Amino acid sequence: MSDVVERTLSALPGLLGQQDPGSGPGGGPGRVSATSRLGGLIRSITALSSKHEEEKLIQQEQTNLKATVSAPTTTLRLMKECMVRLIYCEMLGYESSFGYIHAIKLAQQGNLLEKRVGYLAVSLFLHENHELLLLLVNTVVKDLQSTNLVEVCMALTVVSQIFPREMIPAVLPLIEDKLQHSKEIIRRKAVQALYKFYLIAPNQVQHIHDKFRKALCDRDVGVMAASLHIYLQMIKKNASGYKDLTESFVTILKQVVGGKLPIDFNYHSVPAPWLQIQLLRILGLLGKDDPRTSELMYDVLDESLRRAEINHNITYAILFECVQTIYTICPKSDLLEKAAKCIGKFVRSPKINLKYLGLKALTYVIQQDPNLALQHQMTIIECLDHPDPIIKRETLELLYRITNGQNVTVIVQKMLDYLRQSKEEYTIINLTGKIAELAEKYPFLLLKI
Amino acid sequence: MIKFFLMVNKQGQTRLSRYYEHVEIHKRTMLEAEVIKNCLSRSKEQCSFIEYKDFKLVYRQYAALFIVVGINETENEMAVYELIHNFVEVLDRYFSRVISSNGARSGESTNVPSHSEQGWTKY
């Protein structure tokens, strides 16, 4: 895999040079090959060895770009090419704020290709509170009403990436309209845009919750998947309002696990794994502390556990999520047993990533099922002295949850040892906090350490 | 939630960066330098999930290139680990035969906030 990536990346400059071969007859100042300039820039940066040289080169490049973008005779085509280089400069950490207004103008005035670069540049340069963002709104409104579907798509994409909160009412009706569009890509992007609105201003989208339900039952998988994001957030806030949708989520998960989705959604022969994970999270939130709702999920959880027996990383991810869901809801005992077996497999695995997952799962379930820790005592003790500090840290986290009068001294001793050789500020603060808590709970500790 | 997505080479040169939360530009370079330092100091036998500040890093190495994703505690680390691999597979598919159509279908099955990167690589 890695040599393929290397080949891909080294082929990139060559590919860039190929896309615009002849500049046509004549070839005036505006007709430079759009892609080769960026390719040349990337090549020259890669060839440099020191940060200082890179700074010099980029600053020179920026002076050129500044002159070009401010010149009144620059064509939009040339502007597009400059914008790409500006994006690259900013990515390397050199601020190019002189180009922001031109990005907006490019999105406003350009043809399809130029508009696309303009929108991309705007979404990368600006941020939520930027003063220039308001200038984008008119362009977006115009493009949303355009008959050209690609323009509509571009406008919706940029709305779902960045949009000023105060102007949401201006575009909300237009986007709601798009929810019923005949093209599924537009419906999907409209859902994503509304998700963004929900994140930045939840009260503004309250009135269209039933439209989200329609999106959930949409015949296109993409639209349905996009609506799951919104549902996850809304259910996190208020699970009881959505219990009636449990059946729908269970049905969708059943269909995914049963392989009813188009084959394109398979990743290494696992059907839509990230979609499964998302659904499992939602089901977990819905079934928490609610036996009746949890009952509806037993079958599909069993099925997911069974289907994920293939030994691939992604099935481990699904299994982890399944286990978490099972322990969150009110499950029946044989599901719990299967989940516990799964955790055991993870913790004992020689693959270090799996061990990490196993420890994380144990930490999550330990309060509900302390026997599990006893079962895997030996492995946990081994992990305490593991060469990898992250595994050690995770084990300490686990042990913190199962402290009692007998083992607290040993556990705190291990935590202090870890503290002595850790240099990470946040870890130190976190661990110190935990030790202080334990010292409060078990005052005799202060005498023993 | 994914906070950022980086592709950095072993020498510390950023090849691609996409931030999903606003981070000041000068802070970005510092973040990238620290992140790559963290990743380079890990060995092959250590796990791919690092705790960094108050969030986590999931990294994957492909020859001389590191792909690092910053996530918060709500994410499933293994799922993000495989997402990185999915991304690389999509890149590989997209570049080894230059197709003009816009729909990278395998991207639709992912459910992360990386909206369709409107041709960042077309240049």
# chains A, B, ... in the order shown; residues from 1 in each chain; ligands from 1

$ select_by_dssp --residues "range 140-380 of chain A" --states "helix (DSSP H, G or I)" --output "VMD selection string"
chain A and resid 140 to 144 149 to 161 165 to 178 184 to 200 202 to 216 221 to 237 239 to 257 263 to 265 273 to 287 291 to 295 298 to 307 313 to 328 333 to 348 352 to 365 371 to 375 377 to 380

$ residues_around --residues "Arg42 in chain B" --least-positions-apart "5" --cutoff "12 Å" --atoms "only C-alpha atoms" --output "ChimeraX atom specification"
/A:387-390 /B:35-37,47-50,59-61,66

$ select_by_dssp --residues "range 254-290 of chain A" --states "strand (DSSP E or B)" --output "PyMOL selection string"
chain A and resi 266-267+270-271+288

$ write_last_selection --atoms "all heavy atoms" --output "CSV table (one decimal), in the first residue's frame"
chain,number,residue,atom,x,y,z
A,266,ASN,N,-19.5,-1.1,0.4
A,266,ASN,CA,-18.7,-2.0,1.1
A,266,ASN,C,-17.3,-1.5,1.3
A,266,ASN,O,-16.7,-1.0,0.3
A,266,ASN,CB,-18.7,-3.4,0.4
A,266,ASN,CG,-19.9,-4.2,0.6
A,266,ASN,OD1,-20.9,-3.7,1.2
A,266,ASN,ND2,-19.9,-5.4,0.3
A,267,TYR,N,-16.7,-1.7,2.4
A,267,TYR,CA,-15.3,-1.4,2.6
A,267,TYR,C,-14.7,-2.7,3.1
A,267,TYR,O,-15.0,-3.2,4.1
A,267,TYR,CB,-15.2,-0.3,3.7
A,267,TYR,CG,-13.8,-0.1,4.2
A,267,TYR,CD1,-12.9,0.6,3.4
A,267,TYR,CD2,-13.3,-0.5,5.4
A,267,TYR,CE1,-11.6,0.9,3.8
A,267,TYR,CE2,-12.0,-0.3,5.8
A,267,TYR,CZ,-11.2,0.4,5.0
A,267,TYR,OH,-9.9,0.7,5.4
A,270,VAL,N,-17.1,-5.3,4.2
A,270,VAL,CA,-17.9,-5.0,5.3
A,270,VAL,C,-18.9,-3.9,4.9
A,270,VAL,O,-18.5,-2.9,4.4
A,270,VAL,CB,-17.1,-4.5,6.5
A,270,VAL,CG1,-18.0,-4.2,7.7
A,270,VAL,CG2,-16.1,-5.5,6.9
A,271,PRO,N,-20.2,-4.2,5.0
A,271,PRO,CA,-21.1,-3.2,4.5
A,271,PRO,C,-21.2,-1.9,5.3
A,271,PRO,O,-21.5,-1.9,6.5
A,271,PRO,CB,-22.5,-3.9,4.5
A,271,PRO,CG,-22.3,-5.0,5.5
A,271,PRO,CD,-20.9,-5.3,5.6
A,288,LYS,N,-30.9,3.6,26.5
A,288,LYS,CA,-30.3,3.8,27.8
A,288,LYS,C,-31.4,3.9,28.8
A,288,LYS,O,-32.4,4.7,28.7
A,288,LYS,CB,-29.5,5.0,27.8
A,288,LYS,CG,-28.6,5.2,29.0
A,288,LYS,CD,-27.6,6.4,28.8
A,288,LYS,CE,-26.8,6.5,30.0
A,288,LYS,NZ,-25.8,7.5,30.0

$ closest_residue --among "B:Val58, B:Asp92, B:Leu65, B:Arg15" --to "Val80 in chain B" --atoms "only C-alpha atoms"
B:Val58

$ closest_residue --among "B:Lys56, B:Glu75, B:Leu6, B:Tyr62" --to "chain A" --atoms "only C-alpha atoms"
B:Tyr62
